[in-house]
Every structure is written in structure tokens, then in C-alpha cells.
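Next comes query_18.pdb, a file with PDB, C-alpha atoms.
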```
ATOM      1  CA  MET A 166      72.249 230.527 -35.240
ATOM      2  CA  THR A 167      75.124 228.434 -33.971
ATOM      3  CA  GLY A 168      75.208 226.981 -30.474
ATOM      4  CA  ARG A 169      78.004 229.432 -29.579
ATOM      5  CA  SER A 170      76.172 232.557 -30.795
ATOM      6  CA  TYR A 171      72.928 231.433 -29.148
ATOM      7  CA  ALA A 172      74.741 230.918 -25.859
ATOM      8  CA  GLN A 173      76.352 234.365 -26.073
ATOM      9  CA  THR A 174      73.006 236.012 -26.814
ATOM     10  CA  LEU A 175      71.187 234.202 -24.034
ATOM     11  CA  ARG A 176      73.972 234.908 -21.548
ATOM     12  CA  ALA A 177      73.803 238.624 -22.374
ATOM     13  CA  LEU A 178      70.021 238.642 -21.916
ATOM     14  CA  LYS A 179      70.185 236.781 -18.632
ATOM     15  CA  GLU A 180      73.020 238.971 -17.352
ATOM     16  CA  SER A 181      70.709 241.956 -17.709
ATOM     17  CA  TYR A 182      68.063 240.274 -15.588
ATOM     18  CA  ARG A 183      70.202 238.183 -13.265
ATOM     19  CA  ARG A 184      69.153 237.440  -9.707
ATOM     20  CA  GLY A 185      71.617 235.050  -8.099
ATOM     21  CA  HIS A 186      70.991 232.690  -5.218
ATOM     22  CA  ASP A 187      70.850 234.951  -2.159
ATOM     23  CA  GLY A 188      71.487 232.375   0.540
ATOM     24  CA  SER A 189      67.882 232.221   1.714
ATOM     25  CA  THR A 190      66.683 229.131   3.508
ATOM     26  CA  VAL A 191      64.130 226.935   1.771
ATOM     27  CA  ASP A 192      61.492 228.072   4.266
ATOM     28  CA  GLU A 193      62.184 231.686   3.357
ATOM     29  CA  MET A 194      62.061 230.810  -0.323
ATOM     30  CA  LEU A 195      58.795 228.952   0.139
ATOM     31  CA  ALA A 196      57.317 231.980   1.863
ATOM     32  CA  ARG A 197      58.153 233.995  -1.256
ATOM     33  CA  LEU A 198      56.779 231.532  -3.792
ATOM     34  CA  GLY A 199      54.978 233.387  -6.510
ATOM     35  CA  GLU A 200      56.785 236.662  -5.913
ATOM     36  CA  GLY A 201      59.224 235.851  -8.691
ATOM     37  CA  PRO A 202      62.644 237.323  -9.391
ATOM     38  CA  ALA A 203      62.845 241.082  -8.917
ATOM     39  CA  LEU A 204      64.045 241.618 -12.453
ATOM     40  CA  PHE A 205      62.374 244.928 -13.178
ATOM     41  CA  THR A 206      62.700 246.862  -9.942
ATOM     42  CA  ASP A 207      64.957 249.746 -10.894
ATOM     43  CA  ALA A 208      63.887 252.974  -9.256
ATOM     44  CA  GLY A 209      61.792 255.320 -11.327
ATOM     45  CA  ALA A 210      59.390 254.821 -14.180
ATOM     46  CA  THR A 211      59.903 252.350 -16.998
ATOM     47  CA  SER A 212      59.542 253.559 -20.548
ATOM     48  CA  THR A 213      57.424 251.396 -22.852
ATOM     49  CA  CYS A 214      56.390 251.874 -26.452
ATOM     50  CA  GLU A 215      53.446 250.315 -28.258
ATOM     51  CA  ASP A 216      52.213 251.208 -31.729
ATOM     52  CA  SER A 217      54.742 254.062 -31.954
ATOM     53  CA  THR A 218      53.253 255.653 -28.822
ATOM     54  CA  CYS A 219      55.412 255.833 -25.710
ATOM     55  CA  GLU A 220      54.168 256.078 -22.171
ATOM     56  CA  GLU A 221      55.699 256.007 -18.708
ATOM     57  CA  ARG A 222      54.733 253.246 -16.291
ATOM     58  CA  GLU A 223      55.362 253.638 -12.587
ATOM     59  CA  GLY A 224      56.702 250.763 -10.518
ATOM     60  CA  GLY A 225      58.586 248.878 -13.233
ATOM     61  CA  LEU A 226      57.654 245.812 -15.238
ATOM     62  CA  CYS A 227      57.077 242.206 -14.218
ATOM     63  CA  TRP A 228      56.777 238.852 -15.968
ATOM     64  CA  GLY A 229      53.173 238.160 -15.019
ATOM     65  CA  TYR A 230      53.477 235.277 -12.572
ATOM     66  CA  GLU A 231      54.435 237.397  -9.557
ATOM     67  CA  ARG A 232      51.725 237.821  -6.934
ATOM     68  CA  ASP A 233      51.661 241.599  -7.198
ATOM     69  CA  CYS A 234      52.010 241.810 -10.992
ATOM     70  CA  THR A 235      49.063 243.437 -12.737
ATOM     71  CA  GLU A 236      48.324 243.188 -16.441
ATOM     72  CA  ASP A 237      49.240 246.867 -16.847
ATOM     73  CA  ASN A 238      52.754 246.157 -15.585
ATOM     74  CA  ARG A 239      53.374 242.937 -17.483
ATOM     75  CA  LEU A 240      56.337 242.997 -19.815
ATOM     76  CA  PHE A 241      54.230 241.503 -22.574
ATOM     77  CA  VAL A 242      50.493 240.973 -22.964
ATOM     78  CA  PRO A 243      49.422 238.637 -25.815
ATOM     79  CA  ARG A 244      47.558 240.243 -28.701
ATOM     80  CA  CYS A 245      45.779 238.030 -31.221
ATOM     81  CA  ASP A 246      44.090 238.750 -34.526
ATOM     82  CA  GLY A 247      41.958 236.696 -36.864
ATOM     83  CA  SER A 248      39.283 234.281 -35.748
ATOM     84  CA  PRO A 249      39.598 232.703 -32.284
ATOM     85  CA  LYS A 250      38.431 229.357 -33.653
ATOM     86  CA  PRO A 251      39.327 226.528 -33.580
ATOM     87  CA  TRP A 252      41.469 227.356 -30.543
ATOM     88  CA  ALA A 253      38.789 229.122 -28.492
ATOM     89  CA  GLN A 254      35.278 230.568 -28.641
ATOM     90  CA  THR A 255      36.344 234.197 -28.092
ATOM     91  CA  MET A 256      39.416 236.337 -28.679
ATOM     92  CA  GLU A 257      39.805 236.728 -24.920
ATOM     93  CA  GLY A 258      39.797 232.936 -24.623
ATOM     94  CA  LYS A 259      42.363 232.647 -27.401
ATOM     95  CA  MET A 260      44.720 235.106 -25.691
ATOM     96  CA  GLU A 261      44.242 233.386 -22.335
ATOM     97  CA  LEU A 262      45.059 230.017 -23.929
ATOM     98  CA  PHE A 263      48.287 231.405 -25.346
ATOM     99  CA  TRP A 264      49.168 233.052 -22.024
ATOM    100  CA  THR A 265      48.707 229.879 -19.975
ATOM    101  CA  GLN A 266      50.256 227.416 -22.442
ATOM    102  CA  ALA A 267      53.018 229.310 -24.250
ATOM    103  CA  ASP A 268      53.898 232.285 -22.062
ATOM    104  CA  PHE A 269      54.701 233.149 -18.457
ATOM    105  CA  GLY A 270      51.152 232.228 -17.482
ATOM    106  CA  TYR A 271      52.415 228.648 -17.577
ATOM    107  CA  VAL A 272      55.101 229.537 -15.035
ATOM    108  CA  LYS A 273      52.322 230.967 -12.855
ATOM    109  CA  LYS A 274      50.399 227.675 -13.070
ATOM    110  CA  VAL A 275      53.482 225.768 -11.950
ATOM    111  CA  VAL A 276      54.205 228.201  -9.106
ATOM    112  CA  ASP A 277      50.589 228.145  -7.920
ATOM    113  CA  SER A 278      50.602 224.339  -7.733
ATOM    114  CA  LEU A 279      53.773 224.025  -5.609
ATOM    115  CA  ALA A 280      53.260 222.036  -2.415
ATOM    116  CA  ILE A 281      55.449 220.600   0.346
ATOM    117  CA  LEU A 282      55.633 216.810   0.069
ATOM    118  CA  CYS A 283      58.203 216.276   2.799
ATOM    119  CA  SER A 284      58.548 218.692   5.740
ATOM    120  CA  PRO A 285      61.937 219.060   7.476
ATOM    121  CA  LYS A 286      62.633 217.375  10.810
ATOM    122  CA  GLY A 287      64.350 220.321  12.433
ATOM    123  CA  LYS A 288      66.547 222.940  10.762
ATOM    124  CA  ILE A 289      67.709 222.521   7.177
ATOM    125  CA  ALA A 290      71.034 224.116   8.082
ATOM    126  CA  GLU A 291      71.660 221.185  10.430
ATOM    127  CA  GLY A 292      70.892 218.475   7.888
ATOM    128  CA  ALA A 293      67.090 218.282   7.791
ATOM    129  CA  SER A 294      65.584 217.782   4.334
ATOM    130  CA  GLN A 295      62.690 219.161   2.344
ATOM    131  CA  LEU A 296      60.888 218.264  -0.872
ATOM    132  CA  ILE A 297      58.615 220.690  -2.738
ATOM    133  CA  CYS A 298      56.949 219.784  -6.048
ATOM    134  CA  SER A 299      54.421 221.170  -8.477
ATOM    135  CA  ALA A 300      51.380 219.221  -9.621
ATOM    136  CA  GLN A 301      52.212 215.737 -10.936
ATOM    137  CA  LEU A 302      55.886 216.224 -10.009
ATOM    138  CA  ARG A 303      56.649 218.103 -13.201
ATOM    139  CA  TYR A 304      58.898 220.438 -11.228
ATOM    140  CA  CYS A 305      60.524 219.604  -7.893
ATOM    141  CA  ARG A 306      62.867 221.339  -5.493
ATOM    142  CA  ALA A 307      64.702 219.544  -2.706
ATOM    143  CA  ARG A 308      67.162 220.249   0.072
ATOM    144  CA  ASN A 309      69.547 217.705   1.574
ATOM    145  CA  LEU A 310      68.600 214.904  -0.784
ATOM    146  CA  TYR A 311      70.086 211.426  -0.301
ATOM    147  CA  MET A 312      70.633 208.986  -3.188
ATOM    148  CA  ASP A 313      72.113 205.508  -3.009
ATOM    149  CA  LEU A 314      73.483 204.574  -6.449
ATOM    150  CA  ARG A 315      75.458 201.505  -5.408
ATOM    151  CA  ARG A 316      73.086 199.264  -7.425
ATOM    152  CA  TYR A 317      73.305 201.524 -10.476
ATOM    153  CA  ARG A 318      75.260 199.159 -12.734
ATOM    154  CA  GLN A 319      73.238 196.125 -11.630
ATOM    155  CA  MET A 320      69.968 197.932 -12.262
ATOM    156  CA  THR A 321      71.104 199.276 -15.635
ATOM    157  CA  GLU A 322      72.379 195.949 -16.948
ATOM    158  CA  LYS A 323      69.205 194.187 -15.815
ATOM    159  CA  GLN A 324      66.830 196.591 -17.573
ATOM    160  CA  GLY A 325      68.928 197.379 -20.629
ATOM    161  CA  THR A 326      72.343 199.020 -20.697
ATOM    162  CA  TYR A 327      71.500 201.523 -23.439
ATOM    163  CA  ARG A 328      68.167 202.787 -22.120
ATOM    164  CA  SER A 329      68.302 206.444 -21.077
ATOM    165  CA  PHE A 330      65.112 206.574 -19.006
ATOM    166  CA  LEU A 331      64.884 203.497 -16.819
ATOM    167  CA  GLU A 332      62.048 203.800 -14.309
ATOM    168  CA  ASP A 333      61.749 202.761 -10.665
ATOM    169  CA  ILE A 334      65.497 202.524 -10.240
ATOM    170  CA  PHE A 335      65.363 203.196  -6.494
ATOM    171  CA  GLU A 336      64.262 200.719  -3.865
ATOM    172  CA  GLU A 337      62.939 201.798  -0.459
ATOM    173  CA  GLY A 338      65.532 203.808   1.446
ATOM    174  CA  GLU A 339      67.703 204.545  -1.617
ATOM    175  CA  ILE A 340      66.348 208.041  -2.232
ATOM    176  CA  GLY A 341      64.924 210.419   0.341
ATOM    177  CA  GLY A 342      65.717 212.795   3.152
ATOM    178  CA  ASN A 343      65.413 213.578   6.840
ATOM    179  CA  CYS A 344      61.839 214.896   6.716
ATOM    180  CA  GLU A 345      58.208 213.983   7.399
ATOM    181  CA  LEU A 346      56.828 212.539   4.167
ATOM    182  CA  ASP A 347      53.204 213.074   3.139
ATOM    183  CA  ILE A 348      52.969 209.756   1.309
ATOM    184  CA  ASN A 349      49.344 210.235   0.270
ATOM    185  CA  ARG A 350      50.045 213.597  -1.362
ATOM    186  CA  LEU A 351      53.065 212.078  -3.118
ATOM    187  CA  ARG A 352      51.015 209.188  -4.510
ATOM    188  CA  ASP A 353      48.239 211.563  -5.602
ATOM    189  CA  ASN A 354      50.725 213.016  -8.106
ATOM    190  CA  ALA A 355      51.500 209.808  -9.992
ATOM    191  CA  ARG A 356      49.241 210.259 -13.015
ATOM    192  CA  HIS A 357      51.932 211.661 -15.332
ATOM    193  CA  LYS A 358      54.520 209.004 -14.648
ATOM    194  CA  SER A 359      56.599 208.528 -17.806
ATOM    195  CA  PRO A 360      60.170 209.381 -18.886
ATOM    196  CA  LEU A 361      59.620 212.937 -20.151
ATOM    197  CA  GLN A 362      56.499 214.065 -18.322
ATOM    198  CA  SER A 363      57.328 213.963 -14.624
ATOM    199  CA  TRP A 364      59.791 212.910 -11.939
ATOM    200  CA  TYR A 365      57.486 210.381 -10.316
ATOM    201  CA  ALA A 366      59.477 207.413 -11.644
ATOM    202  CA  GLU A 367      62.490 208.792  -9.760
ATOM    203  CA  LEU A 368      60.807 210.319  -6.696
ATOM    204  CA  GLY A 369      57.844 207.967  -6.278
ATOM    205  CA  GLY A 370      59.978 205.895  -3.897
ATOM    206  CA  TYR A 371      61.138 208.902  -1.880
ATOM    207  CA  SER A 372      61.583 207.793   1.747
ATOM    208  CA  SER A 373      61.960 209.477   5.103
ATOM    209  CA  VAL A 374      65.388 208.576   6.513
ATOM    210  CA  ASP A 375      66.377 208.754  10.185
ATOM    211  CA  PHE A 376      69.787 210.391   9.695
ATOM    212  CA  LYS A 377      70.704 213.977   8.932
ATOM    213  CA  VAL A 378      71.837 213.987   5.331
ATOM    214  CA  LYS A 379      74.186 216.947   5.600
ATOM    215  CA  GLU A 380      76.354 215.194   8.182
ATOM    216  CA  GLY A 381      77.302 212.716   5.465
ATOM    217  CA  GLU A 382      77.942 209.714   7.719
ATOM    218  CA  GLN A 383      76.112 207.449   5.265
ATOM    219  CA  CYS A 384      77.583 209.119   2.168
ATOM    220  CA  ASP A 385      80.558 208.396  -0.051
ATOM    221  CA  GLU A 386      80.307 211.812  -1.692
ATOM    222  CA  ILE A 387      78.669 215.104  -0.722
ATOM    223  CA  VAL A 388      77.894 217.616  -3.467
ATOM    224  CA  THR A 389      77.824 221.169  -2.175
ATOM    225  CA  ARG A 390      77.175 223.133  -5.364
ATOM    226  CA  PRO A 391      73.550 223.891  -6.345
ATOM    227  CA  THR A 392      72.644 221.181  -8.843
ATOM    228  CA  VAL A 393      70.187 220.786 -11.689
ATOM    229  CA  PHE A 394      69.069 217.367 -12.931
ATOM    230  CA  ILE A 395      67.476 217.277 -16.372
ATOM    231  CA  LYS A 396      66.299 214.545 -18.737
ATOM    232  CA  LEU A 397      67.125 215.458 -22.327
ATOM    233  CA  ASP A 398      64.916 214.910 -25.334
ATOM    234  CA  ALA A 399      67.284 214.491 -28.282
ATOM    235  CA  VAL A 400      70.571 216.381 -28.510
ATOM    236  CA  VAL A 401      70.999 215.441 -32.169
ATOM    237  CA  ASN A 402      67.875 217.391 -33.152
ATOM    238  CA  MET A 403      68.042 221.172 -32.764
ATOM    239  CA  TYR A 404      64.297 221.676 -32.300
ATOM    240  CA  HIS A 405      63.857 218.997 -29.645
ATOM    241  CA  HIS A 406      67.100 219.864 -27.857
ATOM    242  CA  PHE A 407      66.259 223.554 -27.614
ATOM    243  CA  CYS A 408      63.047 222.562 -25.892
ATOM    244  CA  ASP A 409      65.426 221.371 -23.156
ATOM    245  CA  PHE A 410      66.918 224.851 -22.869
ATOM    246  CA  PHE A 411      63.475 226.468 -22.840
ATOM    247  CA  ASN A 412      62.527 224.144 -20.010
ATOM    248  CA  ILE A 413      65.594 225.006 -17.943
ATOM    249  CA  TYR A 414      64.952 228.723 -18.458
ATOM    250  CA  ALA A 415      61.319 228.379 -17.370
ATOM    251  CA  SER A 416      62.424 226.351 -14.358
ATOM    252  CA  GLN A 417      64.794 229.143 -13.372
ATOM    253  CA  HIS A 418      61.821 231.489 -13.193
ATOM    254  CA  VAL A 419      59.898 229.039 -11.013
ATOM    255  CA  ASN A 420      62.960 228.646  -8.843
ATOM    256  CA  GLY A 421      63.602 232.382  -8.579
ATOM    257  CA  SER A 422      67.318 232.175  -9.391
ATOM    258  CA  PHE A 423      69.428 232.671 -12.521
ATOM    259  CA  SER A 424      72.843 231.927 -11.086
ATOM    260  CA  ASP A 425      75.193 230.065 -13.425
ATOM    261  CA  ASP A 426      77.260 228.771 -10.499
ATOM    262  CA  VAL A 427      75.328 225.500 -10.640
ATOM    263  CA  GLN A 428      76.160 221.908 -11.511
ATOM    264  CA  ILE A 429      74.050 220.433 -14.308
ATOM    265  CA  VAL A 430      73.690 216.644 -14.254
ATOM    266  CA  ILE A 431      72.053 214.836 -17.167
ATOM    267  CA  TRP A 432      69.652 212.215 -15.780
ATOM    268  CA  ASP A 433      70.543 209.439 -18.200
ATOM    269  CA  THR A 434      70.424 205.864 -16.894
ATOM    270  CA  THR A 435      72.973 204.418 -19.296
ATOM    271  CA  LEU A 436      76.458 203.368 -18.172
ATOM    272  CA  SER A 437      78.228 205.933 -20.323
ATOM    273  CA  LYS A 438      79.937 208.737 -18.375
ATOM    274  CA  GLU A 439      80.782 210.797 -21.451
ATOM    275  CA  PHE A 440      78.444 213.607 -22.491
ATOM    276  CA  ARG A 441      78.467 214.597 -26.155
ATOM    277  CA  ASP A 442      76.369 217.418 -27.556
ATOM    278  CA  PRO A 443      76.719 219.309 -30.876
ATOM    279  CA  PHE A 444      75.283 222.332 -29.025
ATOM    280  CA  ILE A 445      77.620 222.020 -26.043
ATOM    281  CA  GLU A 446      78.381 225.762 -26.125
ATOM    282  CA  THR A 447      74.752 226.570 -25.309
ATOM    283  CA  TRP A 448      75.110 225.089 -21.833
ATOM    284  CA  ARG A 449      77.375 228.017 -20.948
ATOM    285  CA  ALA A 450      74.261 230.190 -20.820
ATOM    286  CA  PHE A 451      73.204 228.189 -17.756
ATOM    287  CA  THR A 452      76.378 226.973 -16.049
ATOM    288  CA  ARG A 453      80.056 227.871 -15.835
ATOM    289  CA  HIS A 454      80.924 224.250 -14.959
ATOM    290  CA  PRO A 455      81.252 221.130 -17.171
ATOM    291  CA  VAL A 456      78.008 219.210 -17.661
ATOM    292  CA  MET A 457      77.997 215.831 -15.907
ATOM    293  CA  LYS A 458      76.044 212.578 -16.319
ATOM    294  CA  LEU A 459      74.361 210.483 -13.642
ATOM    295  CA  ALA A 460      76.692 207.562 -14.363
ATOM    296  CA  GLN A 461      79.591 209.545 -12.897
ATOM    297  CA  PHE A 462      78.064 208.894  -9.450
ATOM    298  CA  GLN A 463      77.413 205.177  -9.940
ATOM    299  CA  GLY A 464      78.415 202.963  -7.054
ATOM    300  CA  LYS A 465      78.194 205.807  -4.525
ATOM    301  CA  ARG A 466      75.865 207.105  -1.875
ATOM    302  CA  VAL A 467      75.474 210.790  -2.654
ATOM    303  CA  SER A 468      73.878 213.649  -0.738
ATOM    304  CA  ARG A 469      73.299 217.242  -1.601
ATOM    305  CA  LEU A 470      71.279 220.333  -0.894
ATOM    306  CA  LEU A 471      68.996 219.683  -3.776
ATOM    307  CA  ARG A 472      66.392 221.508  -5.593
ATOM    308  CA  CYS A 473      64.453 219.501  -8.115
ATOM    309  CA  VAL A 474      63.144 221.437 -11.006
ATOM    310  CA  SER A 475      61.148 219.343 -13.329
ATOM    311  CA  ARG A 476      61.770 219.815 -16.922
ATOM    312  CA  THR A 477      58.805 222.063 -17.136
ATOM    313  CA  SER A 478      56.687 221.727 -20.249
ATOM    314  CA  PHE A 479      56.823 225.355 -21.283
ATOM    315  CA  SER A 480      56.929 227.667 -24.266
ATOM    316  CA  PRO A 481      55.612 226.869 -27.743
ATOM    317  CA  CYS A 482      57.640 223.659 -27.404
ATOM    318  CA  TRP A 483      55.061 222.518 -24.868
ATOM    319  CA  LEU A 484      52.487 222.016 -27.582
ATOM    320  CA  ALA A 485      54.768 219.676 -29.529
ATOM    321  CA  CYS A 486      57.152 218.238 -26.961
ATOM    322  CA  ASN A 487      54.982 217.990 -23.843
ATOM    323  CA  LYS A 488      58.099 217.319 -21.831
ATOM    324  CA  ALA A 489      58.674 216.617 -18.216
ATOM    325  CA  SER A 490      60.560 218.543 -15.661
ATOM    326  CA  THR A 491      64.058 219.324 -14.643
ATOM    327  CA  ILE A 492      65.335 218.498 -11.210
ATOM    328  CA  ILE A 493      67.150 221.347  -9.524
ATOM    329  CA  LEU A 494      69.139 220.694  -6.448
ATOM    330  CA  ILE A 495      70.124 223.515  -4.148
TER     331      ILE A 495
END
```

Please go through the file and, once you have read it, give me the structure as C-alpha cells.
Amino acid sequence: MTGRSYAQTLRALKESYRRGHDGSTVDEMLARLGEGPALFTDAGATSTCEDSTCEEREGGLCWGYERDCTEDNRLFVPRCDGSPKPWAQTMEGKMELFWTQADFGYVKKVVDSLAILCSPKGKIAEGASQLICSAQLRYCRARNLYMDLRRYRQMTEKQGTYRSFLEDIFEEGEIGGNCELDINRLRDNARHKSPLQSWYAELGGYSSVDFKVKEGEQCDEIVTRPTVFIKLDAVVNMYHHFCDFFNIYASQHVNGSFSDDVQIVIWDTTLSKEFRDPFIETWRAFTRHPVMKLAQFQGKRVSRLLRCVSRTSFSPCWLACNKASTIILI
């Protein structure tokens, strides 16, 4: 399947299940964590067919990670045949392993581990910030995030101009927000620090700043569109690159929004501002805007209502890729 046809297919699928950003505050969104997108809530019963036998289910279908989703109402329940070994001791264990590692059970694990790392000082609408992450910072969501990239070129040239995943690029005060930081909880999530496993290398230096980010007094540029940061595996390899798209899709479920009115920024710490991708058409399934690179903000102090979604290690790709998260900025 070409990148164009894949994008058209995925767009059509997502259009059927779309739930756009509804303007909720982060606090309201946090209160709903685990409820998941209301993708199957049409009135009336939902018709399902299994083994050529159809039955009516009341209440609609759900993905499986929502708090009120029962197994009877799940869109898909894994069925396994053959011996459970060597994967598990029982067939039930084998199905549970598949559910939690290669299905929406993994999304549930991410949702269940979400915690507030930095609580807002006042109202978010007035410039207060917030940082919410899953275990080991594999997925993060932020509001009113501040980044100082004025040392970007200096840092890149010092560590290696062509390296895509430089670590510890921020010094104290160069990334953070106007919120009360739980530094101990942040440091407790440092065990998966590496380029494609978590966002700790980028957010480990997150600081509490004493100015309201939304006012922009300390900023050279303010980004107002919901933004997604993602670290890519390898765009030249179809298998590895489509793990990237699986990860974004899974992150959308964790985030509870499928809007394509978002800005996607490739977190690539090289100096190149040009983004080339043989599957460039596929990005249209996720955004209606041109994909950007981090280098396009070099030399600036940038703020934004951010949501960090780690490049979640999800889907069958998880077993082979074991990737990190995506950062989504709201």
C-alpha cells in the first residue's frame, strides 16, 4: 500500500470515529482520564456478528480502556488457539498478554499510570502551566510549556551536528512552566531514559518558572495551535516508520482527541530545518498542516499550550521497536 492510499484509508477510518478537541480545560480532561473517546455512543443497539451468528448489544461498543467498558461491550476480544506456551502457562494468560502488549489493553495501562508532575499555580486560562505524564515519561501532556532554544545551535555543534537524539539539551530554567513541580515524582520516572523509550532526557530538567507563560513576556514566539512532538525511528524503512504512526494513533486514544487541526513537530536535534519523508502523504491522516522540525524554532524562546504525548510503545510494533513516546502539546 502506498503512503497516499494508507493515509486515505486511515483518514476515512478516523473520520468515522472522530472526537475533536472540545475546549475542555486540562483539569476537566484530567477528571475524565480513562473514560476514553465516546466513539461508539450512537443511540440504540449495536449489531455485532461472530461466527456467522449476529446478536444485538445494548449501549454500544467501546475500545476496552474506558472505565465503564466491560468485556461484553469491547469492540474486539482476543481469541487464541494452539498451545499457550512459550508465551504463557494458560490460554487465558496468553490472551491477557496479547491484550496488554499489542491491543488497547496497553492504552489502558498508560492511562492508568497518568499522574500530575507539575500542578498549576492558578488558572490555566490565565497562563498557569501543568504537566501530566504516564509511568517513566513514555507519554506526557502539558499546558503552557516554556522552552528556551537560544542555545540550540551551540548545543548541537558541541555534541555532534548530525545527531538526531541529543540528550540533556536543556539547562535549568530553559524548559518548564508556571506550576508547582513534584521533583521527587519526576526523578522517580528516570529509569527509561534513552532516545526512543521516554521523554526524560527532554523533561528531566523541567523547572517551575515564576512568570505566566501565556502572557509571553519572556517569549519570542507563542504557538497557539495544539502541537504534537514525536521522535521518529527511521523514515527510510517502512516497518520502523509505521511504528511511528501506530504510536501517534495510540497516543490519540490516551489523549482523548482525534482532531487533525494540530501542529506536528519532529523532535530531531540536528540543525537541518527540512523534513523529508518518502511516506509524507501518511501524515495527512493526522494533521492538515505541514510537518515541522525542532530546528525551525532554534534561537527562540517558545511557549505553547502543550500536551506531551510520548511516543507510546504500542501495537505489535511494541514487541520489536520498544519505542518511546510522543509529546503532544495542547

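Here CA of Asn412 in chain A and CA of Leu240 in chain A stand 19.8 Å from one another.
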
A:Glu339, A:Asp353, A:Asp233, A:Asp268 ranked by distance to Ala415 in chain A, top pick (using only C-alpha atoms): A:Asp268

Selection near Phe269 in chain A, 10 Å with all atoms listed in the file, sequence-local residues under 4 positions removed, as a ChimeraX atom specification: /A:228-231,239,241-242,263-265,273-275,415,418-419,479-480

For the residues selected in the previous step, produce a file with C-alpha atoms as a PDB file, in the coordinates of the input.
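To be explicit, this is the file written out as again_36.pdb:
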```pdb
ATOM      1  CA  TRP A 228      56.777 238.852 -15.968  1.00  0.00           C
ATOM      2  CA  GLY A 229      53.173 238.160 -15.019  1.00  0.00           C
ATOM      3  CA  TYR A 230      53.477 235.277 -12.572  1.00  0.00           C
ATOM      4  CA  GLU A 231      54.435 237.397  -9.557  1.00  0.00           C
ATOM      5  CA  ARG A 239      53.374 242.937 -17.483  1.00  0.00           C
ATOM      6  CA  PHE A 241      54.230 241.503 -22.574  1.00  0.00           C
ATOM      7  CA  VAL A 242      50.493 240.973 -22.964  1.00  0.00           C
ATOM      8  CA  PHE A 263      48.287 231.405 -25.346  1.00  0.00           C
ATOM      9  CA  TRP A 264      49.168 233.052 -22.024  1.00  0.00           C
ATOM     10  CA  THR A 265      48.707 229.879 -19.975  1.00  0.00           C
ATOM     11  CA  LYS A 273      52.322 230.967 -12.855  1.00  0.00           C
ATOM     12  CA  LYS A 274      50.399 227.675 -13.070  1.00  0.00           C
ATOM     13  CA  VAL A 275      53.482 225.768 -11.950  1.00  0.00           C
ATOM     14  CA  ALA A 415      61.319 228.379 -17.370  1.00  0.00           C
ATOM     15  CA  HIS A 418      61.821 231.489 -13.193  1.00  0.00           C
ATOM     16  CA  VAL A 419      59.898 229.039 -11.013  1.00  0.00           C
ATOM     17  CA  PHE A 479      56.823 225.355 -21.283  1.00  0.00           C
ATOM     18  CA  SER A 480      56.929 227.667 -24.266  1.00  0.00           C
TER      19      SER A 480
END
```

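Counting all atoms listed in the file, the residue from A:Glu332, A:Asp442, A:Asp313, A:Asp277 that sits nearest to Ile387 in chain A is A:Asp313.
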
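Going from CA of Thr321 in chain A to CA of Pro443 in chain A covers 25.8 Å.
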
Residue IDs satisfying the PyMOL selection byres ((chain A and resi 369) around 12), as number ranges by chain: A: 282, 298, 301-302, 332-341, 346-359, 363-368, 370-372

Emit the selected residues as a compact mmCIF listing (two decimals), in the coordinates of the input, including C-alpha atoms.
```txt
# COMPACT_ATOMS: atom_id res chain seq x y z
CA LEU A 282 55.63 216.81 0.07
CA CYS A 298 56.95 219.78 -6.05
CA GLN A 301 52.21 215.74 -10.94
CA LEU A 302 55.89 216.22 -10.01
CA GLU A 332 62.05 203.80 -14.31
CA ASP A 333 61.75 202.76 -10.66
CA ILE A 334 65.50 202.52 -10.24
CA PHE A 335 65.36 203.20 -6.49
CA GLU A 336 64.26 200.72 -3.86
CA GLU A 337 62.94 201.80 -0.46
CA GLY A 338 65.53 203.81 1.45
CA GLU A 339 67.70 204.54 -1.62
CA ILE A 340 66.35 208.04 -2.23
CA GLY A 341 64.92 210.42 0.34
CA LEU A 346 56.83 212.54 4.17
CA ASP A 347 53.20 213.07 3.14
CA ILE A 348 52.97 209.76 1.31
CA ASN A 349 49.34 210.24 0.27
CA ARG A 350 50.04 213.60 -1.36
CA LEU A 351 53.06 212.08 -3.12
CA ARG A 352 51.02 209.19 -4.51
CA ASP A 353 48.24 211.56 -5.60
CA ASN A 354 50.72 213.02 -8.11
CA ALA A 355 51.50 209.81 -9.99
CA ARG A 356 49.24 210.26 -13.02
CA HIS A 357 51.93 211.66 -15.33
CA LYS A 358 54.52 209.00 -14.65
CA SER A 359 56.60 208.53 -17.81
CA SER A 363 57.33 213.96 -14.62
CA TRP A 364 59.79 212.91 -11.94
CA TYR A 365 57.49 210.38 -10.32
CA ALA A 366 59.48 207.41 -11.64
CA GLU A 367 62.49 208.79 -9.76
CA LEU A 368 60.81 210.32 -6.70
CA GLY A 370 59.98 205.90 -3.90
CA TYR A 371 61.14 208.90 -1.88
CA SER A 372 61.58 207.79 1.75
```

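Interatomic distance, CA of Pro360 in chain A against CA of His406 in chain A: 15.4 Å.
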
Please return range 359-366 of chain A, rebuilt to N, CA, C and O atoms, as a short mmCIF file (atom, residue, chain, number, x, y, z; two decimals), in the coordinates of the input.
```cif
data_model
loop_
_atom_site.label_atom_id
_atom_site.label_comp_id
_atom_site.auth_asym_id
_atom_site.auth_seq_id
_atom_site.Cartn_x
_atom_site.Cartn_y
_atom_site.Cartn_z
N SER A 359 56.01 208.99 -16.55
CA SER A 359 56.60 208.53 -17.81
C SER A 359 57.92 209.29 -17.97
O SER A 359 58.14 210.30 -17.30
N PRO A 360 58.82 208.82 -18.83
CA PRO A 360 60.17 209.38 -18.89
C PRO A 360 60.26 210.90 -19.02
O PRO A 360 61.07 211.52 -18.36
N LEU A 361 59.46 211.51 -19.90
CA LEU A 361 59.62 212.94 -20.15
C LEU A 361 58.42 213.77 -19.73
O LEU A 361 58.21 214.86 -20.24
N GLN A 362 57.64 213.28 -18.78
CA GLN A 362 56.50 214.06 -18.32
C GLN A 362 56.55 214.41 -16.84
O GLN A 362 55.93 215.37 -16.42
N SER A 363 57.25 213.64 -16.05
CA SER A 363 57.33 213.96 -14.62
C SER A 363 58.54 213.28 -14.00
O SER A 363 59.26 212.53 -14.65
N TRP A 364 58.71 213.55 -12.69
CA TRP A 364 59.79 212.91 -11.94
C TRP A 364 59.26 211.84 -11.00
O TRP A 364 59.96 211.41 -10.07
N TYR A 365 58.05 211.37 -11.24
CA TYR A 365 57.49 210.38 -10.32
C TYR A 365 58.25 209.05 -10.37
O TYR A 365 58.40 208.38 -9.35
N ALA A 366 58.72 208.67 -11.54
CA ALA A 366 59.48 207.41 -11.64
C ALA A 366 60.73 207.45 -10.78
O ALA A 366 61.18 206.43 -10.27
#
```
